[in-house]
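Here is the file run.txt (compact mmCIF, C-alpha atoms).
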```
# COMPACT_ATOMS: atom_id res chain seq x y z
CA MET A 1 -25.09 2.29 -8.83
CA ARG A 2 -23.94 -1.28 -9.17
CA LYS A 3 -24.94 -4.00 -6.75
CA PRO A 4 -23.26 -3.82 -3.33
CA LEU A 5 -21.05 -6.56 -1.91
CA VAL A 6 -23.83 -8.16 0.12
CA LEU A 7 -25.76 -8.91 -3.10
CA LEU A 8 -22.63 -10.18 -4.77
CA LEU A 9 -22.07 -12.64 -1.95
CA ARG A 10 -25.68 -13.84 -2.09
CA ARG A 11 -25.98 -14.27 -5.84
CA THR A 12 -22.59 -15.58 -6.94
CA THR A 13 -20.29 -18.34 -5.78
CA VAL A 14 -17.30 -16.74 -4.13
CA SER A 15 -14.80 -18.73 -2.08
CA ALA A 16 -13.58 -17.06 1.10
CA ILE A 17 -10.03 -17.19 2.34
CA ALA A 18 -9.90 -17.60 6.11
CA LEU A 19 -6.63 -15.81 6.67
CA ALA A 20 -4.69 -16.63 9.80
CA GLY A 21 -2.08 -14.44 11.44
CA VAL A 22 0.67 -16.89 10.38
CA TRP A 23 0.63 -17.90 6.71
CA ALA A 24 -0.37 -21.43 5.74
CA PRO A 25 1.85 -23.87 3.84
CA ALA A 26 1.90 -23.62 0.05
CA GLY A 27 -1.54 -24.25 -1.37
CA ALA A 28 -3.27 -24.41 2.00
CA LEU A 29 -6.19 -21.99 1.79
CA ALA A 30 -8.80 -22.60 4.47
CA LEU A 31 -12.37 -21.89 3.39
CA ALA A 32 -14.82 -19.88 5.48
CA PRO A 33 -18.11 -18.84 3.85
CA THR A 34 -18.98 -16.41 6.63
CA ALA A 35 -17.13 -14.57 9.37
CA PRO A 36 -17.94 -11.87 11.90
CA PRO A 37 -16.65 -8.36 11.23
CA SER A 38 -13.06 -7.79 12.31
CA PRO A 39 -12.54 -5.72 15.47
CA GLU A 40 -11.63 -2.08 14.87
CA LYS A 41 -9.47 0.51 16.63
CA SER A 42 -9.10 4.20 15.92
CA ARG A 43 -5.30 4.07 16.13
CA ILE A 44 -2.93 1.17 15.53
CA PRO A 45 0.75 1.91 16.30
CA PHE A 46 3.24 0.68 13.71
CA THR A 47 4.78 -2.71 14.54
CA GLU A 48 6.85 -5.27 12.68
CA ARG A 49 4.62 -7.63 10.70
CA TYR A 50 7.31 -9.70 8.94
CA GLN A 51 11.10 -9.98 9.08
CA SER A 52 13.55 -12.31 7.37
CA LEU A 53 17.16 -12.71 6.32
CA GLN A 54 17.17 -14.51 2.98
CA ARG A 55 18.31 -14.38 -0.62
CA GLY A 56 15.53 -12.49 -2.37
CA GLY A 57 13.61 -9.28 -1.89
CA ILE A 58 10.23 -7.52 -1.69
CA VAL A 59 7.97 -6.41 -4.52
CA ARG A 60 4.55 -4.82 -4.41
CA ALA A 61 1.50 -4.29 -6.62
CA ALA A 62 -0.88 -1.39 -6.01
CA ASN A 63 -3.71 0.60 -7.54
CA VAL A 64 -6.55 2.99 -6.76
CA SER A 65 -10.25 2.21 -6.34
CA ILE A 66 -11.60 5.70 -7.02
CA THR A 67 -10.78 8.66 -9.27
CA CYS A 68 -12.23 11.91 -10.62
CA ARG A 69 -15.13 12.02 -13.08
CA GLU A 70 -14.09 12.68 -16.68
CA THR A 71 -17.05 15.05 -17.13
CA GLU A 72 -15.65 17.45 -14.50
CA GLN A 73 -15.91 20.97 -15.95
CA GLN A 74 -12.62 22.71 -15.23
CA SER A 75 -9.83 24.33 -17.21
CA ALA A 76 -7.82 22.22 -19.64
CA ARG A 77 -4.87 22.23 -17.23
CA THR A 78 -6.92 21.05 -14.24
CA SER A 79 -9.44 18.86 -16.05
CA CYS A 80 -9.87 15.31 -14.80
CA PRO A 81 -7.94 13.72 -17.71
CA ALA A 82 -5.09 16.23 -17.28
CA VAL A 83 -4.82 15.52 -13.55
CA ARG A 84 -4.91 11.76 -14.09
CA ALA A 85 -2.01 12.22 -16.51
CA GLY A 86 0.06 13.91 -13.79
CA GLY A 87 -1.22 17.48 -13.63
CA SER A 88 -1.93 19.54 -10.55
CA GLY A 89 -5.06 18.78 -8.57
CA VAL A 90 -6.29 17.37 -5.26
CA ASN A 91 -9.14 14.96 -4.59
CA GLY A 92 -11.17 17.50 -2.62
CA ALA A 93 -11.53 19.62 -5.78
CA TYR A 94 -13.32 16.92 -7.80
CA ASP A 95 -16.46 14.84 -7.86
CA MET A 96 -14.98 11.36 -7.41
CA THR A 97 -16.30 8.09 -8.80
CA TYR A 98 -15.36 4.42 -8.76
CA VAL A 99 -12.69 2.77 -10.88
CA ASP A 100 -14.21 -0.43 -12.29
CA VAL A 101 -12.12 -2.30 -14.88
CA ASP A 102 -13.65 -5.78 -14.72
CA LYS A 103 -16.69 -6.96 -16.67
CA ASP A 104 -18.54 -8.22 -13.62
CA PRO A 105 -21.84 -6.31 -13.20
CA ASN A 106 -21.88 -7.24 -9.50
CA THR A 107 -18.77 -5.24 -8.54
CA TYR A 108 -18.90 -1.48 -8.16
CA ASN A 109 -15.11 -0.93 -8.03
CA SER A 110 -12.15 -2.93 -9.30
CA SER A 111 -8.59 -2.31 -10.48
CA ARG A 112 -5.53 -4.37 -11.45
CA ALA A 113 -1.81 -4.32 -10.79
CA GLN A 114 1.09 -6.60 -11.60
CA VAL A 115 3.14 -8.68 -9.20
CA ARG A 116 6.51 -8.97 -10.95
CA LEU A 117 8.89 -11.63 -9.60
CA PRO A 118 12.40 -12.56 -10.83
CA LYS A 119 12.64 -15.93 -12.56
CA GLY A 120 13.08 -18.80 -10.12
CA SER A 121 11.49 -17.01 -7.16
CA ARG A 122 9.37 -18.57 -4.42
CA VAL A 123 6.92 -16.44 -2.44
CA SER A 124 7.72 -16.53 1.27
CA TYR A 125 5.10 -14.05 2.49
CA ALA A 126 2.35 -11.91 0.94
CA ARG A 127 -0.02 -9.43 2.55
CA LEU A 128 -2.88 -7.46 1.02
CA TYR A 129 -3.75 -3.99 2.40
CA TRP A 130 -6.82 -1.98 1.44
CA GLY A 131 -8.47 1.20 2.73
CA GLY A 132 -10.25 4.43 1.98
CA ASN A 133 -12.61 7.18 3.08
CA LEU A 134 -16.16 6.10 3.98
CA ARG A 135 -17.67 9.60 4.11
CA VAL A 136 -17.71 11.84 1.05
CA GLY A 137 -20.86 12.66 -0.95
CA GLU A 138 -22.20 9.37 0.42
CA GLN A 139 -21.63 7.56 3.71
CA LYS A 140 -20.56 3.93 3.40
CA PRO A 141 -21.26 1.63 6.39
CA PRO A 142 -18.14 0.26 8.11
CA GLU A 143 -19.41 -3.33 8.27
CA ASP A 144 -17.61 -4.19 5.02
CA ASN A 145 -14.28 -2.58 5.94
CA GLY A 146 -12.75 -6.00 6.59
CA ARG A 147 -13.95 -7.61 3.37
CA VAL A 148 -12.57 -7.38 -0.16
CA LEU A 149 -12.40 -9.48 -3.33
CA ILE A 150 -9.20 -10.61 -5.07
CA ALA A 151 -8.63 -12.53 -8.29
CA GLU A 152 -5.24 -13.99 -9.17
CA PRO A 153 -3.99 -13.81 -12.79
CA GLY A 154 -6.57 -15.63 -14.88
CA GLY A 155 -8.58 -16.61 -11.80
CA GLU A 156 -11.98 -15.89 -10.29
CA TYR A 157 -12.78 -13.59 -7.37
CA LYS A 158 -12.26 -14.91 -3.87
CA GLU A 159 -13.47 -13.12 -0.76
CA VAL A 160 -10.67 -12.03 1.57
CA LEU A 161 -11.42 -11.29 5.23
CA ALA A 162 -9.17 -9.14 7.38
CA ASP A 163 -7.20 -11.33 9.78
CA THR A 164 -6.18 -8.58 12.18
CA VAL A 165 -7.57 -5.45 13.83
CA VAL A 166 -8.88 -2.92 11.32
CA GLY A 167 -7.85 0.71 11.72
CA HIS A 168 -10.93 2.96 11.59
CA ARG A 169 -11.09 6.57 12.72
CA VAL A 170 -13.13 9.70 12.05
CA ALA A 171 -10.81 12.73 11.86
CA ASN A 172 -9.79 15.58 9.56
CA GLY A 173 -13.22 15.52 7.89
CA ALA A 174 -12.81 11.87 6.84
CA ASP A 175 -14.10 8.50 7.99
CA ALA A 176 -10.92 6.55 7.29
CA PHE A 177 -9.98 2.89 7.50
CA GLN A 178 -7.34 0.32 6.55
CA ALA A 179 -7.64 -3.48 6.68
CA SER A 180 -5.21 -6.26 5.77
CA ALA A 181 -4.92 -10.01 5.36
CA ASP A 182 -2.29 -12.69 4.80
CA VAL A 183 -2.63 -14.00 1.23
CA THR A 184 0.62 -15.96 1.06
CA GLY A 185 -0.94 -19.22 -0.11
CA LEU A 186 -2.89 -17.54 -2.93
CA VAL A 187 0.09 -15.59 -4.28
CA ARG A 188 2.53 -18.48 -3.85
CA ASN A 189 0.31 -20.74 -5.97
CA SER A 190 -0.53 -18.07 -8.56
CA LYS A 191 2.86 -16.31 -8.70
CA GLN A 192 3.33 -13.28 -10.93
CA GLY A 193 0.92 -11.45 -13.19
CA LEU A 194 -2.03 -9.06 -12.93
CA TYR A 195 -4.06 -9.31 -9.72
CA THR A 196 -7.53 -7.73 -9.55
CA VAL A 197 -8.89 -6.30 -6.29
CA ALA A 198 -12.56 -5.27 -6.05
CA GLN A 199 -15.18 -4.05 -3.60
CA VAL A 200 -12.89 -1.84 -1.52
CA ASN A 201 -15.31 -0.12 0.87
CA VAL A 202 -14.80 3.46 -0.27
CA ALA A 203 -17.31 6.30 -0.76
CA MET A 204 -17.68 8.37 -3.92
CA GLY A 205 -18.82 11.98 -4.34
CA ARG A 206 -17.33 15.31 -3.35
CA SER A 207 -16.32 16.87 -0.04
CA THR A 208 -13.61 19.09 1.40
CA ALA A 209 -11.74 16.05 2.70
CA GLY A 210 -12.14 14.33 -0.66
CA ALA A 211 -12.65 10.73 -1.67
CA TRP A 212 -9.68 8.36 -1.69
CA GLY A 213 -8.95 4.67 -1.53
CA GLY A 214 -6.95 1.80 -2.96
CA TRP A 215 -4.98 -1.36 -2.27
CA THR A 216 -1.38 -2.59 -2.00
CA LEU A 217 -0.14 -6.17 -2.19
CA VAL A 218 3.32 -6.63 -0.57
CA VAL A 219 5.18 -9.81 -1.55
CA ALA A 220 8.43 -11.11 -0.04
CA TYR A 221 10.22 -13.74 -2.12
CA GLU A 222 13.22 -16.09 -2.01
CA ASN A 223 15.59 -16.40 -4.95
CA ARG A 224 18.97 -18.17 -4.84
CA ALA A 225 20.35 -15.96 -7.62
CA GLU A 226 19.89 -12.76 -5.62
CA PRO A 227 21.98 -11.25 -2.77
CA LEU A 228 21.37 -12.06 0.88
CA ARG A 229 19.04 -9.35 2.17
CA HIS A 230 17.30 -8.21 5.34
CA LEU A 231 13.55 -7.96 4.67
CA PHE A 232 11.24 -5.92 6.90
CA LEU A 233 7.50 -5.16 6.79
CA TRP A 234 5.75 -2.87 9.28
CA ASP A 235 2.10 -1.79 9.39
CA GLY A 236 -0.28 0.26 11.49
CA PHE A 237 -2.86 3.00 11.05
CA ASP A 238 -2.29 6.52 12.28
CA THR A 239 -2.34 10.17 11.27
CA ILE A 240 1.19 11.42 10.64
CA GLU A 241 1.34 15.12 11.46
CA SER A 242 3.96 14.42 14.13
CA GLY A 243 5.43 11.46 12.26
CA VAL A 244 5.55 7.67 12.18
CA THR A 245 8.89 6.02 12.99
CA VAL A 246 10.01 2.39 12.56
CA THR A 247 13.42 0.88 13.29
CA ALA A 248 15.17 -2.11 11.75
CA GLY A 249 18.23 -3.66 13.24
CA LYS A 250 17.29 -3.90 16.91
CA ARG A 251 19.47 -7.03 17.14
CA GLY A 252 22.40 -5.62 15.25
CA PRO A 253 22.28 -6.76 11.59
CA ARG A 254 25.12 -5.25 9.60
CA PHE A 255 24.41 -3.10 6.56
CA ALA A 256 27.60 -2.95 4.50
CA GLU A 257 29.05 0.28 3.11
CA GLY A 258 27.62 0.88 -0.34
CA ALA A 259 24.83 -1.65 0.18
CA GLY A 260 21.76 -1.59 -2.02
CA GLY A 261 18.18 -1.50 -0.81
CA ARG A 262 14.65 -0.26 -1.28
CA VAL A 263 11.97 1.28 0.92
CA GLY A 264 8.24 1.31 0.26
CA MET A 265 5.26 3.07 1.84
CA THR A 266 1.47 3.22 1.60
CA VAL A 267 -0.24 6.42 2.74
CA TYR A 268 -3.81 7.67 2.35
CA ASP A 269 -5.00 11.19 1.43
CA GLY A 270 -1.65 12.77 0.57
CA ASP A 271 -2.19 15.81 -1.68
CA HIS A 272 0.02 16.90 -4.55
CA ALA A 273 1.73 20.30 -4.04
CA VAL A 274 0.92 20.48 -0.31
CA THR A 275 4.54 20.52 0.79
CA GLY A 276 6.33 19.66 4.02
CA ASP A 277 5.88 15.88 4.05
CA SER A 278 8.98 13.69 3.95
CA LEU A 279 10.37 10.17 4.25
CA THR A 280 13.81 9.95 5.87
CA ALA A 281 16.20 7.07 6.48
CA GLN A 282 18.53 7.30 9.47
CA THR A 283 21.50 4.92 9.61
CA THR A 284 23.52 4.41 12.78
CA ARG A 285 26.94 2.79 12.83
CA THR A 286 29.59 2.18 15.46
CA ALA A 287 33.21 2.98 14.58
CA ALA A 288 36.20 3.29 16.92
CA GLY A 289 33.88 3.02 19.90
CA ARG A 290 31.70 5.93 18.73
CA ARG A 291 28.17 5.80 17.32
CA ARG A 292 27.61 7.96 14.29
CA THR A 293 24.26 8.79 12.70
CA THR A 294 23.41 9.91 9.15
CA VAL A 295 19.95 11.13 8.09
CA THR A 296 19.00 10.99 4.39
CA GLU A 297 15.84 12.37 2.81
CA LEU A 298 14.49 9.84 0.31
CA THR A 299 13.42 11.37 -2.98
CA ASP A 300 13.22 10.63 -6.71
CA PRO A 301 11.81 12.30 -9.86
CA ALA A 302 8.26 11.22 -8.97
CA ASN A 303 8.48 12.26 -5.29
CA PRO A 304 10.08 15.61 -4.32
CA ARG A 305 11.84 15.49 -0.95
CA ASP A 306 9.29 17.89 0.60
CA ASP A 307 6.23 16.39 -1.14
CA VAL A 308 6.54 12.60 -1.11
CA LEU A 309 2.81 12.30 -0.32
CA ASN A 310 1.80 13.62 -3.72
CA SER A 311 -0.73 11.03 -4.92
CA THR A 312 1.52 8.69 -6.91
CA ILE A 313 2.21 4.98 -7.34
CA SER A 314 5.88 4.88 -8.31
CA ASP A 315 8.91 2.60 -8.56
CA PRO A 316 12.64 3.36 -8.91
CA GLY A 317 13.10 1.06 -11.93
CA ARG A 318 12.89 2.24 -15.52
CA THR A 319 9.91 0.01 -16.27
CA ALA A 320 7.22 0.05 -13.60
CA PRO A 321 4.91 -2.93 -13.02
CA GLU A 322 1.74 -2.81 -15.11
CA ARG A 323 -1.44 -1.24 -13.70
CA VAL A 324 -5.01 -1.02 -15.03
CA PRO A 325 -5.78 1.85 -14.97
CA ALA A 326 -2.29 3.40 -14.81
CA TYR A 327 -3.03 6.93 -13.61
CA ALA A 328 0.04 9.07 -12.97
CA ARG A 329 -1.86 11.13 -10.35
CA THR A 330 -3.91 8.92 -8.04
CA LEU A 331 -5.76 11.68 -6.14
CA GLY A 332 -5.27 10.75 -2.50
CA TYR A 333 -3.42 7.42 -2.61
CA ASP A 334 0.35 6.89 -2.35
CA SER A 335 2.10 3.55 -2.77
CA ASP A 336 5.71 4.40 -3.57
CA VAL A 337 9.02 2.52 -3.62
CA PHE A 338 12.32 4.40 -3.18
CA ASP A 339 15.97 3.54 -3.79
CA LEU A 340 17.59 3.21 -0.35
CA ALA A 341 21.21 3.10 -1.59
CA PRO A 342 21.89 6.84 -0.96
CA ALA A 343 21.24 6.27 2.76
CA LEU A 344 23.53 3.22 2.93
CA ARG A 345 26.75 4.64 1.54
CA ARG A 346 28.47 4.40 4.93
CA GLY A 347 26.72 1.23 6.09
CA GLY A 348 25.61 0.76 9.67
CA ASP A 349 24.04 -1.55 12.20
CA GLN A 350 20.63 0.11 12.51
CA LEU A 351 18.13 1.64 10.09
CA THR A 352 15.32 3.97 11.18
CA LEU A 353 12.62 5.21 8.80
CA ARG A 354 10.51 8.27 9.59
CA LEU A 355 7.44 9.41 7.68
CA ARG A 356 6.21 12.89 8.56
CA SER A 357 3.48 15.23 7.26
CA PRO A 358 2.98 18.38 9.40
CA ARG A 359 0.92 20.32 6.81
CA ASP A 360 -0.87 17.66 4.78
CA PRO A 361 -3.22 15.56 6.98
CA ALA A 362 -2.69 11.95 5.94
CA TRP A 363 -2.95 8.38 7.23
CA ALA A 364 0.01 5.99 7.22
CA GLY A 365 -0.64 2.29 6.65
CA VAL A 366 2.46 0.41 5.49
CA LEU A 367 6.27 0.67 5.45
CA PHE A 368 8.66 -1.98 4.15
CA ALA A 369 12.38 -2.28 3.40
CA SER A 370 14.87 -4.65 1.81
CA VAL A 371 18.58 -4.11 2.54
CA ASP A 372 21.63 -5.98 1.29
CA ALA A 373 23.25 -7.88 4.15
CA LYS A 374 26.98 -7.80 4.89
```
Serialized structure, structure tokens:
Amino acid sequence: MRKPLVLLLRRTTVSAIALAGVWAPAGALALAPTAPPSPEKSRIPFTERYQSLQRGGIVRAANVSITCRETEQQSARTSCPAVRAGGSGVNGAYDMTYVDVDKDPNTYNSSRAQVRLPKGSRVSYARLYWGGNLRVGEQKPPEDNGRVLIAEPGGEYKEVLADTVVGHRVANGADAFQASADVTGLVRNSKQGLYTVAQVNVAMGRSTAGAWGGWTLVVAYENRAEPLRHLFLWDGFDTIESGVTVTAGKRGPRFAEGAGGRVGMTVYDGDHAVTGDSLTAQTTRTAAGRRRTTVTELTDPANPRDDVLNSTISDPGRTAPERVPAYARTLGYDSDVFDLAPALRRGGDQLTLRLRSPRDPAWAGVLFASVDAK
């Protein structure tokens, strides 16, 4: 096994980003060589992390930190390479091992994904989320849950420390966590390209619950050439058998009829072909003194309406952002973006998103939305 994070921090020069709850001005990255572990809670209710009305939008980069072993002896249809390519399979059926794409012998997991911004954009907010299962064939200690490494395009690794409470709970046969940090200054200075995230504290091996883990970087941007949009980012950490619900529009923003928009989510341990999970968008509008509500199930070719937690990283565009590796089936990690336009045909003054998974035990971490403003 490669050297753990503690050795990496002792033997190499790694700058640490001291990440405050409110982002710093452009280029202002405070340095903190050491920091105590972030406080942890077993359940963190979803709350609004960021909200803005501006010309621009939200993009995200995401990838996995762990996958199945290529030497897994199964049928051709369910072999590890076939499942990675999009075949049927769940993480609990495989011996799982680290993804490690960099050439640094001191990191034991690493993966890359592209932040793609329209020309002329300025980053207004960026947040990095990471998480996984600490107990599989091995048990990882939780002390490093709030620490991760990130390298901007062409840059060197920098240590990122969680700047908020870390979700950490033992349930459903897993020892699960999610941490996050404000990385606005780093992304604003570095802009678009391939970001590398390493040392996500995730366990490898095999168990009924299965190994899973990965990271998502959510980036809100301003761009004068784009429509005026409402931007929302919510986060928390909770199991979702009974559902997770977030509401935009508490103060009455207007969503025009036929408006465009997108919705994104990050969920841990969703299994392909375990049906019943869904993401719905409810729009409420007032007309002639009456309030009318429409509920729309969000779906696309990569995410069936009754199996949106199917271990995919997907986008509604024809050309998805680059990932290294670019597995079609991510075995326990979902970071998906959906077209919201079908839910906005009639407009409204309130948008409610609900993520539910009554049959497939999973952990919700992030929801975000961008909606054209009237």
What lies within 7 Å of Arg60 of chain A using all atoms listed in the file, ignoring chain neighbours under 3 positions off, as a PyMOL selection string?
-> chain A and resi 115+216-219
Of the candidates A:Thr47, A:Thr208, A:Gln54, A:Ser370, which shows the shortest atom-to-atom distance to Gly137 of chain A, using all atoms listed in the file?
-> A:Thr208
One decimal, Å: what's the distance from atom CA of Thr107 of chain A over to atom CA of Ala211 of chain A, could you say?
-> 18.4 Å
Within 6 Å of segment 274-287 of chain A, counting all atoms listed in the file, which residues qualify if same-chain residues fewer than 4 places away don't, as an MDAnalysis selection string?
-> chainID A and resid 291:298 305:308 348:357
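Using all atoms listed in the file, the shortest contact distance between Ala171 of chain A and any of A:Val371, A:Ala362, A:Cys80, A:Ala220 is found at A:Ala362.
Closest to Tyr129 of chain A among A:Arg147, A:Arg206, A:Arg323, A:Lys41 is A:Arg147, based on all atoms listed in the file.
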Could you give me, as a PyMOL selection string, the residues that sit within 6 Å of (16.8, 1.7, 1.0) in the file's coordinates, counting only C-alpha atoms?
-> chain A and resi 261-263+339-341
Mind writing the picked residues with C-alpha atoms as an mmCIF file, in the frame of the given file?
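Final output, saved to again.cif:
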```
data_model
loop_
_atom_site.group_PDB
_atom_site.id
_atom_site.type_symbol
_atom_site.label_atom_id
_atom_site.label_comp_id
_atom_site.auth_asym_id
_atom_site.auth_seq_id
_atom_site.Cartn_x
_atom_site.Cartn_y
_atom_site.Cartn_z
ATOM 1 C CA GLY A 261 18.180 -1.500 -0.810
ATOM 2 C CA ARG A 262 14.650 -0.260 -1.280
ATOM 3 C CA VAL A 263 11.970 1.280 0.920
ATOM 4 C CA ASP A 339 15.970 3.540 -3.790
ATOM 5 C CA LEU A 340 17.590 3.210 -0.350
ATOM 6 C CA ALA A 341 21.210 3.100 -1.590
#
```
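Distance check against Ala248 of chain A using all atoms listed in the file: of A:Gln51, A:Thr67, A:Thr78, A:Ser88, the minimum falls on A:Gln51.
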Val64 of chain A surroundings by all atoms listed in the file, 10 Å radius, close-in-sequence under 6 positions cut, as JSON, numbers by chain = {"A": [98, 99, 109, 110, 111, 112, 113, 130, 131, 132, 197, 200, 212, 213, 214, 215, 216, 312, 313, 323, 324, 325, 326, 327, 330, 331, 332, 333, 334, 335]}
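Note that atom CA of Leu128 of chain A and atom CA of Asp163 of chain A are 10.5 Å apart.
With distances restricted to only C-alpha atoms, A:Ala256 is the closest residue to Ala373 of chain A from A:Leu149, A:Ala320, A:Ala256, A:Arg188.
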Separating atom CA of Gln178 of chain A from atom CA of Val123 of chain A, to the nearest tenth of an Å, is a gap of 23.8 Å
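Minimum atom-to-atom distance to Gly236 of chain A, evaluated using all atoms listed in the file, belongs to A:Thr164 out of A:Asn91, A:Asn106, A:Thr164, A:Ser124.
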Could you pull out every residue with an atom within 6 Å of (26.9, 2.2, -0.4), file coordinates, counting only C-alpha atoms, and send them as a list in words?
-> Glu257, Gly258, Ala259, Ala341, Leu344, Arg345 and Arg346 of chain A
